[in-house]
file final_16.txt (compact mmCIF, C-alpha atoms)
# COMPACT_ATOMS: atom_id res chain seq x y z
CA MET A 18 7.09 -20.89 27.75
CA LEU A 19 5.87 -23.00 24.84
CA MET A 20 3.19 -21.37 22.71
CA LYS A 21 1.40 -22.60 19.61
CA ILE A 22 2.51 -20.39 16.72
CA ALA A 23 1.22 -20.43 13.15
CA ILE A 24 2.59 -18.40 10.23
CA PHE A 25 0.50 -18.23 7.07
CA ASP A 26 1.08 -17.18 3.47
CA VAL A 27 4.79 -18.08 3.41
CA ASP A 28 6.68 -19.71 0.57
CA ALA A 29 9.72 -21.96 1.01
CA GLU A 30 12.19 -19.06 0.96
CA LYS A 31 10.30 -17.10 3.63
CA LYS A 32 9.92 -20.22 5.73
CA THR A 33 13.69 -20.74 5.68
CA PHE A 34 14.20 -17.10 6.70
CA PHE A 35 11.78 -17.45 9.64
CA GLU A 36 13.34 -20.74 10.77
CA LYS A 37 16.78 -19.11 10.86
CA ILE A 38 15.60 -16.30 13.15
CA LEU A 39 13.10 -18.21 15.29
CA GLY A 40 15.55 -21.02 15.90
CA GLU A 41 14.14 -24.12 17.56
CA ILE A 42 10.76 -22.60 18.37
CA ASP A 43 8.02 -24.90 17.15
CA VAL A 44 6.07 -23.14 14.40
CA GLN A 45 3.39 -24.36 12.03
CA TYR A 46 3.90 -22.93 8.53
CA SER A 47 1.39 -22.71 5.70
CA SER A 48 1.71 -21.39 2.15
CA GLN A 49 -2.02 -20.62 2.17
CA GLU A 50 -3.69 -17.39 3.17
CA PHE A 51 -5.52 -17.42 6.49
CA THR A 52 -9.26 -18.02 6.16
CA GLN A 53 -12.23 -18.74 8.40
CA GLU A 54 -11.74 -22.44 7.70
CA MET A 55 -8.13 -22.09 8.86
CA ALA A 56 -9.38 -20.46 12.06
CA GLU A 57 -11.40 -23.55 12.89
CA LYS A 58 -8.41 -25.82 12.24
CA ASN A 59 -6.15 -23.61 14.36
CA CYS A 60 -8.55 -22.86 17.19
CA ASP A 61 -5.83 -23.45 19.79
CA CYS A 62 -3.31 -21.10 18.13
CA GLU A 63 -1.84 -18.45 20.45
CA ILE A 64 0.34 -16.42 18.06
CA LEU A 65 -0.76 -15.90 14.48
CA ALA A 66 1.34 -14.26 11.73
CA ILE A 67 -0.46 -13.20 8.54
CA ARG A 68 -0.15 -10.98 5.49
CA ILE A 69 -2.58 -8.32 4.25
CA ASN A 70 -4.70 -10.67 2.14
CA SER A 71 -5.74 -12.54 5.28
CA LYS A 72 -8.73 -10.90 6.94
CA ILE A 73 -9.20 -11.11 10.70
CA SER A 74 -12.79 -10.41 11.71
CA SER A 75 -14.60 -10.66 15.02
CA GLU A 76 -16.14 -13.93 13.77
CA ILE A 77 -12.68 -15.41 13.21
CA LEU A 78 -11.55 -14.26 16.65
CA GLU A 79 -14.49 -16.07 18.22
CA LYS A 80 -13.25 -19.31 16.67
CA MET A 81 -9.79 -18.81 18.23
CA PRO A 82 -10.34 -18.42 21.99
CA ASN A 83 -6.65 -19.01 22.84
CA LEU A 84 -5.30 -16.36 20.47
CA LYS A 85 -3.08 -13.85 22.25
CA CYS A 86 -1.17 -12.08 19.48
CA ILE A 87 -1.51 -11.30 15.77
CA ALA A 88 1.71 -10.33 13.98
CA THR A 89 0.88 -8.76 10.63
CA GLN A 90 3.63 -8.73 8.03
CA SER A 91 2.74 -5.20 6.98
CA THR A 92 2.55 -1.61 8.11
CA GLY A 93 -1.14 -1.30 7.26
CA PHE A 94 -3.67 -3.07 9.46
CA ASP A 95 -7.04 -2.40 7.82
CA HIS A 96 -7.38 -6.16 7.25
CA ILE A 97 -7.65 -6.69 11.03
CA ASP A 98 -10.61 -5.74 13.23
CA ILE A 99 -8.53 -3.83 15.78
CA GLU A 100 -11.49 -2.98 18.01
CA ALA A 101 -12.53 -6.64 18.23
CA CYS A 102 -8.93 -7.53 19.13
CA ARG A 103 -8.94 -4.97 21.93
CA LYS A 104 -12.16 -6.37 23.34
CA ARG A 105 -10.69 -9.88 23.37
CA ASN A 106 -7.32 -8.67 24.70
CA VAL A 107 -5.50 -9.86 21.58
CA ALA A 108 -2.29 -7.93 20.93
CA VAL A 109 -1.69 -6.77 17.35
CA CYS A 110 1.78 -5.82 16.19
CA ASN A 111 2.90 -4.61 12.79
CA VAL A 112 6.03 -3.69 10.83
CA PRO A 113 6.12 0.10 11.12
CA LEU A 114 9.14 0.61 8.89
CA TYR A 115 10.34 -1.47 6.00
CA GLY A 116 9.61 -0.06 2.56
CA GLU A 117 9.87 3.70 2.79
CA TYR A 118 12.66 3.83 0.21
CA THR A 119 11.14 0.99 -1.81
CA VAL A 120 7.66 2.48 -2.16
CA ALA A 121 9.05 5.96 -2.80
CA GLU A 122 11.20 4.64 -5.64
CA HIS A 123 8.23 2.75 -7.10
CA THR A 124 6.15 5.92 -6.87
CA PHE A 125 8.62 7.69 -9.12
CA ALA A 126 8.79 4.72 -11.47
CA LEU A 127 5.04 5.17 -11.93
CA ILE A 128 5.32 8.95 -12.27
CA LEU A 129 7.97 8.61 -14.98
CA ALA A 130 5.96 5.93 -16.76
CA LEU A 131 3.16 8.48 -17.11
CA SER A 132 5.14 11.67 -17.63
CA ARG A 133 7.26 10.12 -20.43
CA ASN A 134 4.55 7.82 -21.85
CA VAL A 135 6.64 4.72 -21.19
CA HIS A 136 3.62 2.46 -20.84
CA LYS A 137 1.84 3.88 -23.87
CA SER A 138 5.02 3.54 -25.95
CA TYR A 139 5.52 -0.07 -24.89
CA VAL A 140 1.96 -1.07 -25.75
CA ARG A 141 2.33 0.56 -29.15
CA THR A 142 5.69 -0.98 -30.03
CA ILE A 143 4.74 -4.56 -29.14
CA LYS A 144 2.02 -4.18 -31.75
CA GLY A 145 4.70 -3.28 -34.30
CA ASP A 146 3.85 0.42 -34.35
CA PHE A 147 6.94 2.61 -33.90
CA SER A 148 5.32 5.97 -34.60
CA THR A 149 5.91 8.72 -32.07
CA GLU A 150 2.72 10.69 -32.59
CA GLY A 151 1.03 11.45 -29.26
CA LEU A 152 3.98 10.23 -27.20
CA GLN A 153 5.43 13.60 -26.25
CA GLY A 154 5.97 13.71 -22.50
CA PHE A 155 6.92 16.47 -20.11
CA ASP A 156 9.80 17.32 -17.79
CA LEU A 157 9.38 16.95 -14.05
CA GLN A 158 11.71 19.89 -13.43
CA GLY A 159 9.68 22.88 -12.28
CA LYS A 160 6.43 20.94 -11.93
CA THR A 161 4.52 20.87 -8.64
CA LEU A 162 4.19 17.57 -6.82
CA GLY A 163 1.38 17.32 -4.28
CA VAL A 164 2.13 14.77 -1.55
CA VAL A 165 -0.82 13.63 0.54
CA GLY A 166 0.63 12.09 3.69
CA THR A 167 4.11 12.99 4.91
CA GLY A 168 5.01 9.91 6.89
CA HIS A 169 8.22 8.01 6.19
CA ILE A 170 7.24 7.14 2.61
CA GLY A 171 5.89 10.59 1.79
CA LEU A 172 9.06 12.27 3.04
CA HIS A 173 11.25 10.00 0.88
CA VAL A 174 9.06 10.85 -2.12
CA ILE A 175 9.67 14.52 -1.36
CA ARG A 176 13.44 13.98 -1.21
CA ILE A 177 13.38 12.33 -4.63
CA ALA A 178 11.14 15.08 -6.02
CA LYS A 179 13.59 17.76 -4.90
CA ALA A 180 16.37 15.89 -6.74
CA PHE A 181 14.25 16.29 -9.89
CA SER A 182 14.03 20.05 -9.11
CA MET A 183 10.29 19.83 -8.50
CA LYS A 184 8.25 22.14 -6.33
CA VAL A 185 6.48 20.28 -3.53
CA VAL A 186 3.33 21.04 -1.57
CA ALA A 187 1.98 18.61 1.00
CA PHE A 188 -0.98 17.84 3.21
CA ASP A 189 -0.98 15.93 6.48
CA VAL A 190 -3.05 16.17 9.63
CA LEU A 191 0.25 16.17 11.56
CA GLU A 192 2.63 18.71 10.07
CA ASN A 193 6.39 18.44 10.49
CA ASN A 194 7.41 22.04 9.92
CA PHE A 195 11.04 21.40 10.79
CA LEU A 196 11.44 18.84 7.99
CA ALA A 197 9.40 21.08 5.69
CA ASP A 198 12.08 23.76 6.15
CA VAL A 199 14.93 21.29 5.79
CA LEU A 200 13.56 19.59 2.65
CA GLY A 201 12.15 22.74 1.11
CA PHE A 202 8.44 22.04 0.81
CA SER A 203 5.34 23.73 2.17
CA TYR A 204 2.23 22.44 3.89
CA CYS A 205 -1.19 23.55 2.74
CA SER A 206 -4.78 22.33 2.88
CA PHE A 207 -5.91 19.19 1.06
CA ASP A 208 -7.95 21.30 -1.36
CA GLU A 209 -4.93 23.49 -2.11
CA VAL A 210 -2.83 20.42 -2.89
CA LEU A 211 -5.46 19.29 -5.38
CA GLU A 212 -5.80 22.73 -6.94
CA ASN A 213 -2.10 23.46 -7.39
CA SER A 214 -0.41 20.14 -8.16
CA ASP A 215 0.63 18.85 -11.57
CA ILE A 216 1.04 15.41 -10.02
CA ILE A 217 -0.75 14.19 -6.87
CA THR A 218 0.64 11.18 -4.98
CA LEU A 219 -1.13 9.46 -2.08
CA HIS A 220 0.71 8.08 0.96
CA VAL A 221 -1.92 7.66 3.67
CA PRO A 222 -3.26 4.57 5.46
CA HIS A 223 -6.78 3.40 4.66
CA SER A 224 -9.16 4.26 7.49
CA VAL A 225 -12.61 5.71 8.06
CA HIS A 226 -10.96 9.13 7.77
CA THR A 227 -9.21 8.49 4.44
CA HIS A 228 -11.76 6.21 2.74
CA HIS A 229 -12.61 7.73 -0.67
CA MET A 230 -10.73 10.93 0.10
CA ILE A 231 -10.41 11.12 -3.68
CA ASN A 232 -14.08 11.20 -4.63
CA SER A 233 -16.47 12.90 -7.04
CA GLU A 234 -16.41 16.10 -4.99
CA SER A 235 -12.66 16.34 -4.35
CA ILE A 236 -11.81 15.41 -7.95
CA GLN A 237 -13.60 18.53 -9.16
CA LYS A 238 -10.96 20.56 -7.30
CA ILE A 239 -8.02 18.93 -9.09
CA LYS A 240 -5.98 21.04 -11.46
CA PRO A 241 -7.12 20.09 -14.99
CA GLY A 242 -4.62 17.80 -16.71
CA ALA A 243 -2.98 16.61 -13.50
CA LEU A 244 -1.79 13.06 -12.86
CA LEU A 245 -2.84 10.93 -9.87
CA VAL A 246 -0.59 8.28 -8.29
CA ASN A 247 -1.79 5.80 -5.65
CA THR A 248 0.64 3.44 -3.96
CA ALA A 249 -1.25 3.57 -0.65
CA ARG A 250 -4.49 1.59 -0.48
CA GLY A 251 -7.21 1.10 -3.09
CA GLY A 252 -9.99 2.30 -0.80
CA VAL A 253 -8.50 5.79 -0.63
CA VAL A 254 -9.75 6.42 -4.18
CA ASP A 255 -13.36 6.06 -5.32
CA THR A 256 -13.09 4.04 -8.54
CA LYS A 257 -16.22 5.55 -10.12
CA ALA A 258 -15.00 9.07 -9.45
CA LEU A 259 -11.57 8.24 -10.89
CA ILE A 260 -13.13 6.87 -14.08
CA GLN A 261 -15.25 9.99 -14.37
CA ALA A 262 -12.20 12.22 -13.94
CA LEU A 263 -10.34 10.35 -16.69
CA ASP A 264 -13.36 10.41 -19.00
CA GLU A 265 -13.86 14.14 -18.47
CA LYS A 266 -10.09 14.73 -18.84
CA ILE A 267 -9.87 16.36 -15.43
CA LEU A 268 -7.04 13.89 -14.94
CA ALA A 269 -4.65 13.30 -17.84
CA GLY A 270 -3.65 9.95 -16.36
CA ALA A 271 -3.40 7.75 -13.31
CA ALA A 272 -0.74 5.40 -11.97
CA LEU A 273 -2.03 2.77 -9.57
CA ASP A 274 -0.29 0.10 -7.56
CA VAL A 275 -3.54 -0.56 -5.73
CA ILE A 276 -7.20 -0.56 -6.72
CA GLU A 277 -10.41 -0.71 -4.77
CA LYS A 278 -11.53 -4.21 -3.74
CA GLU A 279 -8.41 -5.76 -5.27
CA GLU A 280 -8.53 -8.63 -2.78
CA LYS A 281 -11.93 -9.72 -4.15
CA ILE A 282 -10.58 -9.62 -7.68
CA LEU A 283 -7.58 -11.74 -6.74
CA HIS A 284 -9.68 -14.35 -4.93
CA SER A 285 -12.59 -14.58 -7.33
CA GLU A 286 -12.97 -17.71 -9.42
CA LYS A 287 -13.71 -15.36 -12.31
CA ASN A 288 -10.72 -13.10 -11.66
CA GLU A 289 -9.44 -13.26 -15.24
CA GLU A 290 -12.83 -12.16 -16.55
CA ILE A 291 -13.12 -9.42 -13.92
CA ILE A 292 -9.65 -8.08 -14.70
CA LYS A 293 -10.29 -8.20 -18.45
CA ASN A 294 -13.47 -6.14 -18.02
CA HIS A 295 -12.22 -3.79 -15.31
CA PRO A 296 -12.91 -0.21 -16.44
CA LEU A 297 -9.50 1.08 -15.31
CA LEU A 298 -6.91 -1.51 -16.22
CA PHE A 299 -6.87 -1.29 -20.01
CA ARG A 300 -6.69 2.45 -20.62
CA ASP A 301 -3.55 3.76 -22.28
CA ASN A 302 -3.41 6.64 -19.80
CA VAL A 303 -3.54 4.33 -16.76
CA VAL A 304 -0.42 2.56 -15.54
CA PHE A 305 -1.12 -0.35 -13.21
CA THR A 306 1.12 -2.60 -11.15
CA PRO A 307 -0.32 -5.43 -9.00
CA HIS A 308 0.44 -4.11 -5.49
CA ILE A 309 4.21 -4.54 -5.81
CA ALA A 310 5.41 -1.14 -4.59
CA SER A 311 7.02 -2.75 -1.53
CA GLN A 312 8.30 -5.81 -3.37
CA SER A 313 12.04 -5.30 -3.19
CA LYS A 314 14.41 -7.88 -1.73
CA GLU A 315 15.52 -5.50 1.00
CA ALA A 316 11.99 -4.50 2.03
CA GLN A 317 10.75 -8.08 2.17
CA GLN A 318 13.67 -9.16 4.35
CA LYS A 319 12.92 -6.28 6.73
CA ILE A 320 9.30 -7.42 6.96
CA LEU A 321 10.27 -10.97 7.85
CA GLN A 322 12.96 -9.83 10.30
CA THR A 323 10.63 -7.48 12.17
CA THR A 324 7.75 -9.98 12.21
CA ALA A 325 10.03 -12.66 13.69
CA GLU A 326 11.29 -10.17 16.28
CA ASN A 327 7.69 -9.24 17.16
CA ILE A 328 6.94 -12.92 17.78
CA LEU A 329 10.06 -13.42 19.90
CA ASN A 330 9.43 -10.26 21.90
CA PHE A 331 5.84 -11.27 22.62
CA ILE A 332 6.98 -14.69 23.86
CA ALA A 333 9.54 -12.90 26.07
CA LYS A 334 6.68 -10.72 27.45
CA LYS A 335 8.30 -7.61 25.90
CA PRO A 336 5.84 -6.94 23.08
CA SER A 337 7.00 -4.61 20.32
CA ASN A 338 5.29 -2.50 17.63
CA LEU A 339 1.90 -2.84 19.30
CA LEU A 340 -1.24 -1.48 17.66
CA SER A 341 -3.63 -2.75 20.32
call {"tool": "encode", "arguments": {"input": "final_16.txt", "output": "C-alpha cells"}}
result
Amino acid sequence: MLMKIAIFDVDAEKKTFFEKILGEIDVQYSSQEFTQEMAEKNCDCEILAIRINSKISSEILEKMPNLKCIATQSTGFDHIDIEACRKRNVAVCNVPLYGEYTVAEHTFALILALSRNVHKSYVRTIKGDFSTEGLQGFDLQGKTLGVVGTGHIGLHVIRIAKAFSMKVVAFDVLENNFLADVLGFSYCSFDEVLENSDIITLHVPHSVHTHHMINSESIQKIKPGALLVNTARGGVVDTKALIQALDEKILAGAALDVIEKEEKILHSEKNEEIIKNHPLLFRDNVVFTPHIASQSKEAQQKILQTTAENILNFIAKKPSNLLS
C-alpha cells in the first residue's frame, strides 16, 4: 500500500542511509525541522519522521488529518503531545535503545572533566596561564556515585563506576534488585541519594513526574560540595535552583549536556546574545556540551536503522516500538 511519508531534519548522509534501508519507497526528505508551517504544506502526510527539536502539538495534528504514524528519531518523546495523538488515533513509535553505551561514556567524560578540572585547566591555558593553583582534582576511587534512574543508560553508568572502584547508590521507581546484587549497588530513596552522593547523575525521562526534580527544596538535601551531572533532559533541573546551589557552594560544580529551554535558545534570532548572557554557561565550575551525549557514529546509525524499521513495520501493519 502506497503511503505519503515525510522525514524531516535529515542531512545528505542520513538521507542516503534512509534510502538504502527504505529501498524504492517514495519518501519526501527535508533538512529542515518540522514546524507548523510544514504541517500545512504536508497536510496529506500519513507517516511523519522527526527529531526532538520538532514539536508536535494538538494544533499541528489538526492540520494533518491524514496522519497515521509519527516515528520519532529518539527515545524521549516529550516533544510530542502523546495524549492528542491517542485521541486522533495516531500511532507514535520511538527508538527505545540506541545510545546506552554512548550516553554512559559521555557521562563519565563530563564527570572526569569536573573531577580533574579539565575544563578549568583548558580555559586557563588558552589564555597563556600555565599555573596549577586551584586545579587540584580528586580521585573517583572510593567516592559515592548517586544514579537517579536505572534504565539502560543508568545501568551502564553503574558498570563504568564500578570499574573506577566507586560506591554506587541509586534511585528508581522500578527497582531491579537482581541487577543491584549482580552489579554491586544499592537502592535507596531519592533524598538518600542526594544526601550521600559525592556525584549525582541524572538518567530519567522528562515528564510531569520528573519536571524540576532537582529544585530549590531538593537541592538543600544535597551533600555539600557534591557534583551534579545531567545528560537526561534540561527540564529535570530547575535552572534558578541550580544557580543558587552553585552560588551558595552547595554544589562544587555541574556538568550539563542539556539545559532548560535549550530549544528556545537554539531557535531564537538572538541566540548568540542569549548564550553569551546565560547565567550557567560561562562559569569555570560548569562544564557544558550542546546536547551531544548520544552523538556517536554507532548510536546515530542505530537511530536511523530503528526509525526506518518502524516505518517499514507500520506500512506492513506490524507496528513496532509503539508509545501510543
call {"tool": "residues_around", "arguments": {"input": "final_16.txt", "residues": "Leu200 of chain A", "least_positions_apart": "4", "cutoff": "9 Å", "atoms": "all atoms listed in the file", "output": "ChimeraX atom specification"}}
result
/A:172,175-176,179,195-196
call {"tool": "closest_atom_pairs", "arguments": {"input": "final_16.txt", "of": "segment 73-132 of chain A", "to": "segment 244-253 of chain A", "cutoff": "8 Å", "atoms": "all atoms listed in the file", "output": "tab-separated table"}}
result
residue	atom	partner	partner_atom	distance
A:Val120	CA	A:Thr248	CA	7.3
A:Thr124	CA	A:Thr248	CA	6.7
A:Leu127	CA	A:Val246	CA	7.4
A:Ile128	CA	A:Val246	CA	7.2
A:Leu131	CA	A:Leu244	CA	8.0
call {"tool": "residues_around", "arguments": {"input": "final_16.txt", "residues": "Gly163 of chain A", "least_positions_apart": "5", "cutoff": "10 Å", "atoms": "all atoms listed in the file", "output": "PDB file with C-alpha atoms, in the frame of the given file"}}
result
ATOM      1  CA  ILE A 175       9.670  14.520  -1.360  1.00  0.00           C
ATOM      2  CA  LYS A 184       8.250  22.140  -6.330  1.00  0.00           C
ATOM      3  CA  VAL A 185       6.480  20.280  -3.530  1.00  0.00           C
ATOM      4  CA  VAL A 186       3.330  21.040  -1.570  1.00  0.00           C
ATOM      5  CA  ALA A 187       1.980  18.610   1.000  1.00  0.00           C
ATOM      6  CA  PHE A 188      -0.980  17.840   3.210  1.00  0.00           C
ATOM      7  CA  PHE A 202       8.440  22.040   0.810  1.00  0.00           C
ATOM      8  CA  SER A 203       5.340  23.730   2.170  1.00  0.00           C
ATOM      9  CA  TYR A 204       2.230  22.440   3.890  1.00  0.00           C
ATOM     10  CA  CYS A 205      -1.190  23.550   2.740  1.00  0.00           C
ATOM     11  CA  PHE A 207      -5.910  19.190   1.060  1.00  0.00           C
ATOM     12  CA  GLU A 209      -4.930  23.490  -2.110  1.00  0.00           C
ATOM     13  CA  VAL A 210      -2.830  20.420  -2.890  1.00  0.00           C
ATOM     14  CA  LEU A 211      -5.460  19.290  -5.380  1.00  0.00           C
ATOM     15  CA  GLU A 212      -5.800  22.730  -6.940  1.00  0.00           C
ATOM     16  CA  ASN A 213      -2.100  23.460  -7.390  1.00  0.00           C
ATOM     17  CA  SER A 214      -0.410  20.140  -8.160  1.00  0.00           C
ATOM     18  CA  ASP A 215       0.630  18.850 -11.570  1.00  0.00           C
ATOM     19  CA  ILE A 216       1.040  15.410 -10.020  1.00  0.00           C
ATOM     20  CA  ILE A 217      -0.750  14.190  -6.870  1.00  0.00           C
ATOM     21  CA  THR A 218       0.640  11.180  -4.980  1.00  0.00           C
ATOM     22  CA  LEU A 219      -1.130   9.460  -2.080  1.00  0.00           C
ATOM     23  CA  LEU A 245      -2.840  10.930  -9.870  1.00  0.00           C
TER      24      LEU A 245
END
call {"tool": "axis_aligned_box", "arguments": {"input": "final_16.txt", "around": "segment 292-310 of chain A", "padding_each_side": "6 Å", "output": "JSON"}}
result
{"center_x": -4.0, "center_y": -0.8, "center_z": -13.4, "size_x": 30.9, "size_y": 26.8, "size_z": 29.7}
call {"tool": "residues_near_point", "arguments": {"input": "final_16.txt", "point": "(-3.8, -4.0, 21.0)", "cutoff": "6 Å", "atoms": "all atoms listed in the file", "output": "MDAnalysis selection string"}}
result
chainID A and resid 103 108:109 340:341
call {"tool": "write_last_selection", "arguments": {"input": "final_16.txt", "atoms": "C-alpha atoms", "output": "mmCIF file, in the frame of the given file"}}
result
data_model
loop_
_atom_site.group_PDB
_atom_site.id
_atom_site.type_symbol
_atom_site.label_atom_id
_atom_site.label_comp_id
_atom_site.auth_asym_id
_atom_site.auth_seq_id
_atom_site.Cartn_x
_atom_site.Cartn_y
_atom_site.Cartn_z
ATOM 1 C CA ARG A 103 -8.940 -4.970 21.930
ATOM 2 C CA ALA A 108 -2.290 -7.930 20.930
ATOM 3 C CA VAL A 109 -1.690 -6.770 17.350
ATOM 4 C CA LEU A 340 -1.240 -1.480 17.660
ATOM 5 C CA SER A 341 -3.630 -2.750 20.320
#
call {"tool": "residues_around", "arguments": {"input": "final_16.txt", "residues": "Gln237 of chain A", "least_positions_apart": "2", "cutoff": "12 Å", "atoms": "all atoms listed in the file", "output": "VMD selection string"}}
result
chain A and resid 208 211 to 212 231 to 235 239 to 243 258 to 259 261 to 263 265 to 268
call {"tool": "atom_distance", "arguments": {"input": "final_16.txt", "atom1": "atom CA of Phe331 of chain A", "atom2": "atom CA of Asp26 of chain A"}}
result
20.6 Å
call {"tool": "atom_distance", "arguments": {"input": "final_16.txt", "atom1": "atom CA of Pro113 of chain A", "atom2": "atom CA of Lys334 of chain A"}}
result
19.6 Å
call {"tool": "closest_residue", "arguments": {"input": "final_16.txt", "among": "A:Phe147, A:Phe94, A:Phe34, A:Phe155", "to": "Gln317 of chain A", "atoms": "all atoms listed in the file"}}
result
A:Phe34
call {"tool": "atom_distance", "arguments": {"input": "final_16.txt", "atom1": "atom CA of Asn338 of chain A", "atom2": "atom CA of Leu191 of chain A"}}
result
20.3 Å
call {"tool": "residues_around", "arguments": {"input": "final_16.txt", "residues": "segment 76-84 of chain A", "least_positions_apart": "4", "cutoff": "12 Å", "atoms": "all atoms listed in the file", "output": "number ranges by chain"}}
result
A: 20-23, 51-66, 71-72, 88, 97-109
call {"tool": "residues_around", "arguments": {"input": "final_16.txt", "residues": "Gly151 of chain A", "least_positions_apart": "3", "cutoff": "10 Å", "atoms": "all atoms listed in the file", "output": "PyMOL selection string"}}
result
chain A and resi 134+137-138+148+154
call {"tool": "closest_residue", "arguments": {"input": "final_16.txt", "among": "A:Val112, A:Val199, A:Val303, A:Val174", "to": "Thr323 of chain A", "atoms": "all atoms listed in the file"}}
result
A:Val112
call {"tool": "closest_residue", "arguments": {"input": "final_16.txt", "among": "A:Asn70, A:Ile309, A:Ser132, A:Ala325", "to": "Glu279 of chain A", "atoms": "only C-alpha atoms"}}
result
A:Asn70
call {"tool": "closest_residue", "arguments": {"input": "final_16.txt", "among": "A:Asp28, A:Ile177, A:Glu192, A:Glu277", "to": "Ser206 of chain A", "atoms": "all atoms listed in the file"}}
result
A:Glu192
call {"tool": "closest_residue", "arguments": {"input": "final_16.txt", "among": "A:Lys278, A:Lys319, A:Lys144, A:Lys85", "to": "Cys110 of chain A", "atoms": "only C-alpha atoms"}}
result
A:Lys85
